[in-house]
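Colleague: As input, take my_file-v5.csv (CSV, C-alpha atoms):
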```csv
chain,number,residue,atom,x,y,z
A,1,MET,CA,139.6,245.3,88.7
A,2,ALA,CA,139.1,246.1,92.4
A,3,HIS,CA,139.0,249.7,93.3
A,4,GLU,CA,141.3,250.7,96.1
A,5,HIS,CA,141.4,253.9,98.1
A,6,HIS,CA,143.7,254.8,100.9
A,7,HIS,CA,143.2,257.9,103.0
A,8,HIS,CA,146.3,259.2,104.8
A,9,HIS,CA,145.6,262.0,107.2
A,10,HIS,CA,148.2,264.2,108.9
A,11,HIS,CA,147.0,266.9,111.3
A,12,HIS,CA,149.6,269.5,112.5
A,13,HIS,CA,148.1,271.7,115.2
A,14,ALA,CA,149.4,275.0,116.5
A,15,GLU,CA,151.2,275.0,119.8
A,16,GLY,CA,149.1,275.3,122.9
A,17,THR,CA,150.6,278.7,123.7
A,18,MET,CA,151.8,281.5,121.5
A,19,ASP,CA,155.4,282.5,121.3
A,20,LYS,CA,156.3,284.0,124.7
A,21,SER,CA,158.5,286.7,123.4
A,22,LEU,CA,155.8,287.8,120.9
A,23,LYS,CA,153.2,287.8,123.6
A,24,ASN,CA,155.5,290.0,125.8
A,25,THR,CA,156.0,292.3,122.8
A,26,TYR,CA,152.3,292.8,122.5
A,27,ILE,CA,151.8,293.4,126.2
A,28,LEU,CA,154.6,296.0,126.3
A,29,ALA,CA,153.2,297.7,123.2
A,30,ILE,CA,149.7,297.9,124.6
A,31,ALA,CA,151.0,299.3,127.9
A,32,LEU,CA,153.1,302.0,126.2
A,33,ASN,CA,150.2,303.1,124.0
A,34,VAL,CA,147.6,303.1,126.8
A,35,GLY,CA,150.0,305.3,128.7
A,36,PHE,CA,150.5,307.6,125.7
A,37,VAL,CA,146.7,307.9,125.2
A,38,VAL,CA,146.3,308.9,128.9
A,39,ILE,CA,149.1,311.5,128.6
A,40,GLU,CA,147.7,312.9,125.3
A,41,THR,CA,144.2,313.2,126.7
A,42,VAL,CA,145.3,315.0,129.9
A,43,VAL,CA,147.5,317.5,128.0
A,44,GLY,CA,144.7,318.1,125.5
A,45,ILE,CA,142.3,318.9,128.3
A,46,ILE,CA,144.8,321.1,130.2
A,47,TYR,CA,145.7,323.1,127.0
A,48,ASN,CA,142.1,323.0,125.7
A,49,SER,CA,143.3,321.4,122.5
A,50,LEU,CA,140.6,319.5,120.7
A,51,GLY,CA,143.2,318.2,118.2
A,52,LEU,CA,145.2,316.4,120.9
A,53,VAL,CA,142.0,314.9,122.4
A,54,SER,CA,141.0,313.8,118.9
A,55,ASP,CA,144.4,312.3,118.3
A,56,ALA,CA,144.2,310.5,121.6
A,57,GLY,CA,141.0,308.9,120.3
A,58,HIS,CA,142.8,307.8,117.2
A,59,ASN,CA,145.7,306.3,119.2
A,60,LEU,CA,143.1,304.4,121.2
A,61,SER,CA,142.1,302.7,118.0
A,62,ASP,CA,145.7,301.5,117.7
A,63,VAL,CA,145.4,300.0,121.2
A,64,VAL,CA,142.3,298.2,120.0
A,65,SER,CA,144.3,297.0,116.9
A,66,LEU,CA,147.1,295.6,119.2
A,67,VAL,CA,144.6,293.9,121.5
A,68,LEU,CA,142.8,292.3,118.5
A,69,ALA,CA,146.1,291.0,117.2
A,70,LEU,CA,146.9,289.5,120.6
A,71,VAL,CA,143.4,287.9,120.8
A,72,ALA,CA,144.0,286.5,117.3
A,73,PHE,CA,147.1,284.6,118.5
A,74,GLY,CA,145.1,283.2,121.3
A,75,LEU,CA,142.4,282.1,118.9
A,76,MET,CA,145.0,280.5,116.6
A,77,THR,CA,145.9,278.1,119.4
A,78,SER,CA,142.3,277.0,120.0
A,79,HIS,CA,141.6,273.3,119.7
A,80,SER,CA,138.8,271.6,117.8
A,81,ARG,CA,135.5,271.3,119.6
A,82,LYS,CA,131.9,270.3,118.8
A,83,GLY,CA,130.8,272.3,115.8
A,84,PHE,CA,134.2,273.9,115.3
A,85,THR,CA,136.6,271.2,114.0
A,86,TYR,CA,139.4,273.8,113.5
A,87,GLY,CA,138.7,275.6,116.7
A,88,PHE,CA,138.5,279.4,116.2
A,89,ARG,CA,141.7,279.7,114.1
A,90,LYS,CA,140.0,281.1,111.1
A,91,SER,CA,138.9,284.1,113.1
A,92,SER,CA,142.6,285.3,113.0
A,93,VAL,CA,142.0,286.0,109.3
A,94,LEU,CA,138.9,288.0,110.1
A,95,ILE,CA,140.8,290.0,112.6
A,96,SER,CA,143.5,290.8,110.1
A,97,LEU,CA,140.8,292.0,107.7
A,98,THR,CA,139.3,294.1,110.5
A,99,ASN,CA,142.7,295.7,111.1
A,100,ALA,CA,143.1,296.5,107.4
A,101,VAL,CA,139.7,298.2,107.3
A,102,LEU,CA,140.7,300.2,110.5
A,103,LEU,CA,143.8,301.4,108.7
A,104,LEU,CA,141.6,302.5,105.7
A,105,VAL,CA,139.3,304.3,108.1
A,106,ALA,CA,142.3,306.1,109.6
A,107,VAL,CA,143.4,307.2,106.1
A,108,GLY,CA,139.9,308.5,105.4
A,109,ILE,CA,139.9,310.5,108.7
A,110,ILE,CA,143.4,312.0,107.9
A,111,VAL,CA,142.2,313.0,104.4
A,112,VAL,CA,139.0,314.6,105.8
A,113,GLU,CA,140.9,316.5,108.5
A,114,SER,CA,143.5,317.7,105.9
A,115,ILE,CA,140.7,319.0,103.6
A,116,HIS,CA,139.2,320.8,106.6
A,117,LYS,CA,142.6,322.4,107.4
A,118,PHE,CA,142.9,323.8,103.9
A,119,THR,CA,139.8,325.9,104.6
A,120,SER,CA,140.4,326.6,108.3
A,121,THR,CA,142.0,329.7,109.5
A,122,ALA,CA,142.3,328.6,113.1
A,123,PRO,CA,145.9,328.9,114.5
A,124,ILE,CA,147.8,325.8,115.3
A,125,ASP,CA,148.6,325.2,119.0
A,126,GLY,CA,152.4,325.0,118.7
A,127,GLU,CA,154.5,324.1,121.7
A,128,ALA,CA,152.2,321.6,123.6
A,129,ILE,CA,151.2,319.8,120.4
A,130,SER,CA,154.8,319.6,119.2
A,131,TRP,CA,156.1,318.2,122.5
A,132,THR,CA,153.2,315.6,122.6
A,133,ALA,CA,153.9,314.7,119.0
A,134,GLY,CA,157.6,314.2,119.9
A,135,ILE,CA,156.5,311.7,122.7
A,136,GLY,CA,154.3,310.1,120.1
A,137,ILE,CA,157.3,309.5,117.8
A,138,LEU,CA,159.2,307.8,120.6
A,139,VAL,CA,156.3,305.6,121.8
A,140,ASN,CA,154.9,304.7,118.4
A,141,GLY,CA,158.3,304.4,116.8
A,142,PHE,CA,159.6,302.1,119.5
A,143,THR,CA,156.4,300.0,119.3
A,144,ALA,CA,156.7,299.8,115.5
A,145,TYR,CA,160.3,298.7,115.8
A,146,LEU,CA,159.4,295.9,118.2
A,147,LEU,CA,156.6,294.7,115.9
A,148,MET,CA,158.8,295.1,112.8
A,149,ARG,CA,161.1,292.4,114.1
A,150,LYS,CA,158.1,290.1,114.6
A,151,GLN,CA,155.9,290.8,111.6
A,152,GLY,CA,157.2,287.8,109.7
A,153,HIS,CA,155.1,285.7,112.0
A,154,ASP,CA,151.8,286.5,110.3
A,155,ILE,CA,149.7,289.3,108.8
A,156,ASN,CA,148.1,290.3,112.1
A,157,THR,CA,151.5,291.3,113.4
A,158,LYS,CA,152.1,293.1,110.1
A,159,GLY,CA,148.8,294.9,110.5
A,160,ALA,CA,149.7,296.0,114.0
A,161,TYR,CA,153.1,297.1,112.8
A,162,LEU,CA,151.5,299.2,110.0
A,163,HIS,CA,149.2,300.8,112.5
A,164,MET,CA,152.1,301.9,114.7
A,165,LEU,CA,154.2,303.0,111.7
A,166,ALA,CA,151.3,305.1,110.5
A,167,ASP,CA,151.0,306.8,113.8
A,168,THR,CA,154.7,307.4,113.9
A,169,LEU,CA,154.6,309.0,110.5
A,170,VAL,CA,151.7,311.2,111.6
A,171,SER,CA,153.6,312.4,114.6
A,172,VAL,CA,156.7,313.1,112.5
A,173,GLY,CA,154.5,315.1,110.1
A,174,VAL,CA,153.1,317.1,113.0
A,175,VAL,CA,156.7,318.0,114.2
A,176,ILE,CA,157.9,318.8,110.7
A,177,SER,CA,154.9,321.0,110.0
A,178,GLY,CA,155.3,322.7,113.4
A,179,ILE,CA,159.0,323.5,112.7
A,180,VAL,CA,158.2,324.9,109.2
A,181,ILE,CA,155.3,326.9,110.5
A,182,SER,CA,157.4,328.4,113.3
A,183,PHE,CA,160.0,329.6,110.8
A,184,THR,CA,157.8,330.5,107.8
A,185,GLY,CA,154.2,330.9,109.0
A,186,TRP,CA,153.1,328.6,106.1
A,187,TYR,CA,150.1,327.0,107.8
A,188,ILE,CA,149.2,325.2,104.5
A,189,ILE,CA,152.2,322.8,105.0
A,190,ASP,CA,150.3,321.0,107.7
A,191,PRO,CA,147.5,319.5,105.5
A,192,ILE,CA,149.9,318.9,102.7
A,193,ILE,CA,152.1,316.7,104.9
A,194,SER,CA,149.0,315.0,106.2
A,195,LEU,CA,147.9,314.1,102.7
A,196,VAL,CA,151.4,312.7,101.8
A,197,ILE,CA,151.3,310.6,105.0
A,198,ALA,CA,147.8,309.3,104.1
A,199,ALA,CA,149.1,308.2,100.7
A,200,ILE,CA,152.0,306.4,102.2
A,201,ILE,CA,149.7,304.6,104.7
A,202,LEU,CA,147.3,303.7,101.9
A,203,VAL,CA,150.0,302.1,99.7
A,204,SER,CA,151.4,300.1,102.7
A,205,THR,CA,147.9,298.9,103.7
A,206,TRP,CA,146.9,297.7,100.3
A,207,ASP,CA,148.9,294.4,100.4
A,208,LEU,CA,147.6,293.7,103.9
A,209,LEU,CA,144.0,294.2,102.8
A,210,LYS,CA,144.5,292.1,99.6
A,211,GLU,CA,146.0,289.2,101.5
A,212,SER,CA,143.3,289.4,104.2
A,213,VAL,CA,140.6,289.2,101.7
A,214,ARG,CA,142.3,286.3,99.8
A,215,LEU,CA,142.6,284.3,103.0
A,216,SER,CA,139.0,285.0,104.1
A,217,ILE,CA,137.7,283.4,100.8
A,218,ASP,CA,140.1,280.4,101.1
A,219,ALA,CA,142.4,281.5,98.2
A,220,VAL,CA,145.9,280.0,98.1
A,221,PRO,CA,148.0,282.1,100.6
A,222,GLU,CA,150.7,284.3,99.2
A,223,GLY,CA,154.1,282.6,99.1
A,224,ILE,CA,152.6,279.2,98.3
A,225,ASP,CA,153.3,278.1,94.7
A,226,ALA,CA,150.3,275.9,94.0
A,227,GLU,CA,151.2,275.0,90.5
A,228,GLY,CA,154.8,274.2,91.5
A,229,ILE,CA,153.6,272.0,94.4
A,230,GLU,CA,151.2,270.1,92.2
A,231,LYS,CA,153.9,269.5,89.6
A,232,GLU,CA,156.4,268.3,92.2
A,233,MET,CA,153.9,265.9,93.7
A,234,ALA,CA,153.0,264.5,90.2
A,235,GLU,CA,156.7,264.0,89.5
A,236,ALA,CA,157.4,262.0,92.6
A,237,GLU,CA,158.7,258.5,92.1
A,238,GLY,CA,155.8,255.9,91.8
A,239,VAL,CA,153.2,258.6,91.2
A,240,LEU,CA,151.1,258.5,88.0
A,241,GLY,CA,149.1,261.6,88.6
A,242,VAL,CA,147.7,264.2,91.0
A,243,HIS,CA,144.3,265.8,90.9
A,244,HIS,CA,141.8,267.7,93.1
A,245,VAL,CA,144.5,269.7,94.8
A,246,HIS,CA,143.1,272.3,97.2
A,247,ILE,CA,145.2,274.7,99.3
A,248,TRP,CA,143.8,277.2,101.8
A,249,ALA,CA,144.6,278.9,105.1
A,250,ILE,CA,143.4,277.5,108.4
A,251,SER,CA,144.6,280.6,110.2
A,252,THR,CA,147.1,283.4,109.4
A,253,THR,CA,150.0,281.1,110.2
A,254,GLU,CA,148.7,277.6,109.1
A,255,THR,CA,148.1,276.3,105.6
A,256,ALA,CA,146.3,273.1,104.7
A,257,LEU,CA,146.2,270.9,101.6
A,258,THR,CA,144.1,268.1,100.3
A,259,ALA,CA,144.9,266.1,97.2
A,260,HIS,CA,144.2,262.8,95.4
A,261,VAL,CA,147.3,261.0,94.3
A,262,VAL,CA,147.3,258.1,91.8
A,263,VAL,CA,150.1,255.6,92.4
A,264,GLU,CA,151.6,252.7,90.4
A,265,ASP,CA,151.8,250.3,93.3
A,266,ILE,CA,149.3,250.7,96.2
A,267,ASN,CA,151.7,248.8,98.4
A,268,SER,CA,154.2,251.7,98.3
A,269,TYR,CA,151.7,254.3,99.3
A,270,GLU,CA,153.1,254.9,102.8
A,271,GLU,CA,156.6,255.8,101.5
A,272,ILE,CA,155.1,258.0,98.8
A,273,VAL,CA,152.8,259.9,101.2
A,274,HIS,CA,155.7,260.3,103.7
A,275,THR,CA,157.9,261.8,101.1
A,276,MET,CA,155.1,264.2,99.9
A,277,LYS,CA,154.4,265.4,103.4
A,278,GLU,CA,158.1,266.1,104.1
A,279,MET,CA,158.1,268.2,100.9
A,280,LEU,CA,154.9,270.0,101.8
A,281,ARG,CA,156.2,270.8,105.3
A,282,ALA,CA,159.3,272.3,103.7
A,283,LYS,CA,157.1,274.6,101.6
A,284,GLY,CA,155.0,275.8,104.6
A,285,ILE,CA,152.1,273.4,104.5
A,286,ALA,CA,152.1,271.5,107.8
A,287,HIS,CA,148.5,270.2,107.6
A,288,SER,CA,147.8,267.9,104.7
A,289,THR,CA,145.3,265.2,103.8
A,290,ILE,CA,146.3,262.9,100.9
A,291,GLU,CA,144.0,260.3,99.3
A,292,VAL,CA,145.9,257.5,97.5
A,293,GLU,CA,144.3,255.8,94.5
A,294,THR,CA,145.3,253.3,91.9
A,295,GLU,CA,144.8,254.0,88.2
A,296,GLY,CA,141.2,253.4,87.1
A,297,SER,CA,139.8,253.6,90.7
A,298,GLY,CA,136.9,255.6,89.4
A,299,CYS,CA,137.4,258.8,91.3
A,300,THR,CA,136.5,261.4,88.6
A,301,GLY,CA,134.6,264.6,88.3
A,302,GLU,CA,133.5,267.0,91.0
A,303,SER,CA,132.0,264.1,93.1
A,304,CYS,CA,135.5,263.5,94.5
A,305,CYS,CA,135.8,267.0,96.0
```
Now that the file is in, can you turn its structure into structure tokens?
Modeller:
Amino acid sequence: MAHEHHHHHHHHHAEGTMDKSLKNTYILAIALNVGFVVIETVVGIIYNSLGLVSDAGHNLSDVVSLVLALVAFGLMTSHSRKGFTYGFRKSSVLISLTNAVLLLVAVGIIVVESIHKFTSTAPIDGEAISWTAGIGILVNGFTAYLLMRKQGHDINTKGAYLHMLADTLVSVGVVISGIVISFTGWYIIDPIISLVIAAIILVSTWDLLKESVRLSIDAVPEGIDAEGIEKEMAEAEGVLGVHHVHIWAISTTETALTAHVVVEDINSYEEIVHTMKEMLRAKGIAHSTIEVETEGSGCTGESCC
């Protein structure tokens, strides 16, 4: 029996430019936060508040996070080139992992500062810090709101959103502790609220970190039912079996699949492949490569992979 193999490739690339509204959202968010960092630094220097200057440094890391997310979108639209057949799209996954790590570092800093405050007897600079924290709530809260509406795009936007949400919570914590201290004199409330906020940030960051790690090692992206897809492909009309199915992320927004499909009649392979690709696109897999085989074609074992 003659052995027949047909390779059918379909490559769906990202658009040449990122979504304009999303790009404008990032630019506005970066501008707002750079302005807030400048204001916080100036106020901190004027009032000789090391806390405000330190927090300005922390907020500067959020600006870096936003810039990284913006860069990631630019890299996701890069085209293939010599030595980089997928362009630099995979780097968007590394950036999401970097943002997750930065969030964990921020949690660590908050915990360390909170522990220090438990043992510190230094008075808290009330009015200037409270007003600045109030501005922080407006700036960070508005930025978080803008990103919240866009976070469905990919995990980099989700990471930037979590950064801004974390800073908003920190600013809320500063205002609440300032009010409580003003009325009660309970300075211990400040580190307690900080630790609660750190716990909230840690919980919300865990999913981002887990998914970033999964994508970086080419695991099946969350939201993709690998077993269900393989079963649906195997049950398609004219298909005898499916094997060597691999699903991985090209970037934080693109998913790829390769598979070997055994068909009853090799003459009907075009219709079968077309049907499968439509099904895969509907399930979020726009980049697929399907090899069509006839029964007994000899493609067995790991040599096919």
Colleague: Which residues are near region 154-169 of chain A? Cut-off 7 Å, all atoms listed in the file, ignore same chain within fewer than 4 positions. Put them as a ChimeraX atom specification.
Modeller: /A:62,65-66,69,96,99-100,103,136-137,140-141,143-144,147-148,150,173,197,201,208,252-253
Colleague: Choose the residue, out of A:Val34, A:Leu240, A:Ala286, A:Val107, that has the smallest atom-to-atom separation from Thr255 (chain A); count only C-alpha atoms.
Modeller: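 The shortest atom-to-atom distance to Thr255 (chain A) comes from A:Ala286.
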Colleague: Taking all atoms listed in the file into account, which of A:His58, A:Leu146, A:Leu257, A:Trp206 comes nearest Val220 (chain A)?
Modeller: A:Leu257
Colleague: Kindly give the distance, in Å, that separates CA of Ser91 (chain A) and CA of Leu280 (chain A), rounded to a single decimal.
Modeller: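 CA of Leu280 (chain A) lies 24.1 Å from CA of Ser91 (chain A).
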Colleague: Env of Phe118 (chain A): 12 Å cut, atoms = all atoms listed in the file, seq-sep filter 5 positions within chain, self excluded. Answer as a list in words.
Modeller: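 Contacts, with the query itself left out: Val111, Val112, Glu113, Trp186, Tyr187, Ile188, Ile189, Asp190, Pro191, Ile192, Ile193, Ser194 and Leu195 of chain A.
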Colleague: What is the CA of Ile179 (chain A)-CA of Ser204 (chain A) distance in Å, reported with one decimal?
Modeller: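 Distance between the two atoms: 26.6 Å.
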Colleague: Would you mind telling me which residue in A:Ser80, A:Thr275, A:Thr119, A:Thr25 lies nearest to Ala236 (chain A) when using only C-alpha atoms?
Modeller: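 With only C-alpha atoms as the atom set, the closest residue is A:Thr275.
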Colleague: Compile the contact shell of His246 (chain A) as a tab-separated table (two decimals) with C-alpha atoms, keeping the file's coordinate frame: residues with an atom at most 10 Å away, counting all atoms listed in the file, same-chain residues fewer than 6 positions apart removed.
Modeller:
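Dumped to part04.tsv:
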```
chain	number	residue	atom	x	y	z
A	218	ASP	CA	140.10	280.40	101.10
A	219	ALA	CA	142.40	281.50	98.20
A	220	VAL	CA	145.90	280.00	98.10
A	226	ALA	CA	150.30	275.90	94.00
A	230	GLU	CA	151.20	270.10	92.20
A	256	ALA	CA	146.30	273.10	104.70
A	257	LEU	CA	146.20	270.90	101.60
A	258	THR	CA	144.10	268.10	100.30
A	259	ALA	CA	144.90	266.10	97.20
A	260	HIS	CA	144.20	262.80	95.40
A	288	SER	CA	147.80	267.90	104.70
A	289	THR	CA	145.30	265.20	103.80
A	305	CYS	CA	135.80	267.00	96.00
```
Colleague: A:Leu209, A:Met276, A:Leu28, A:Val180: which is nearest Leu102 (chain A), counting all atoms listed in the file?
Modeller: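 Looking only at the distances to Leu102 (chain A), the closest residue turns out to be A:Leu209.
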Colleague: Kindly indicate which residue among A:Met279, A:Ile46, A:Leu202, A:Val245 lies nearest to Glu227 (chain A), using only C-alpha atoms for the distances.
Modeller: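 Ranking A:Met279, A:Ile46, A:Leu202, A:Val245 by distance to Glu227 (chain A), first place goes to A:Val245.
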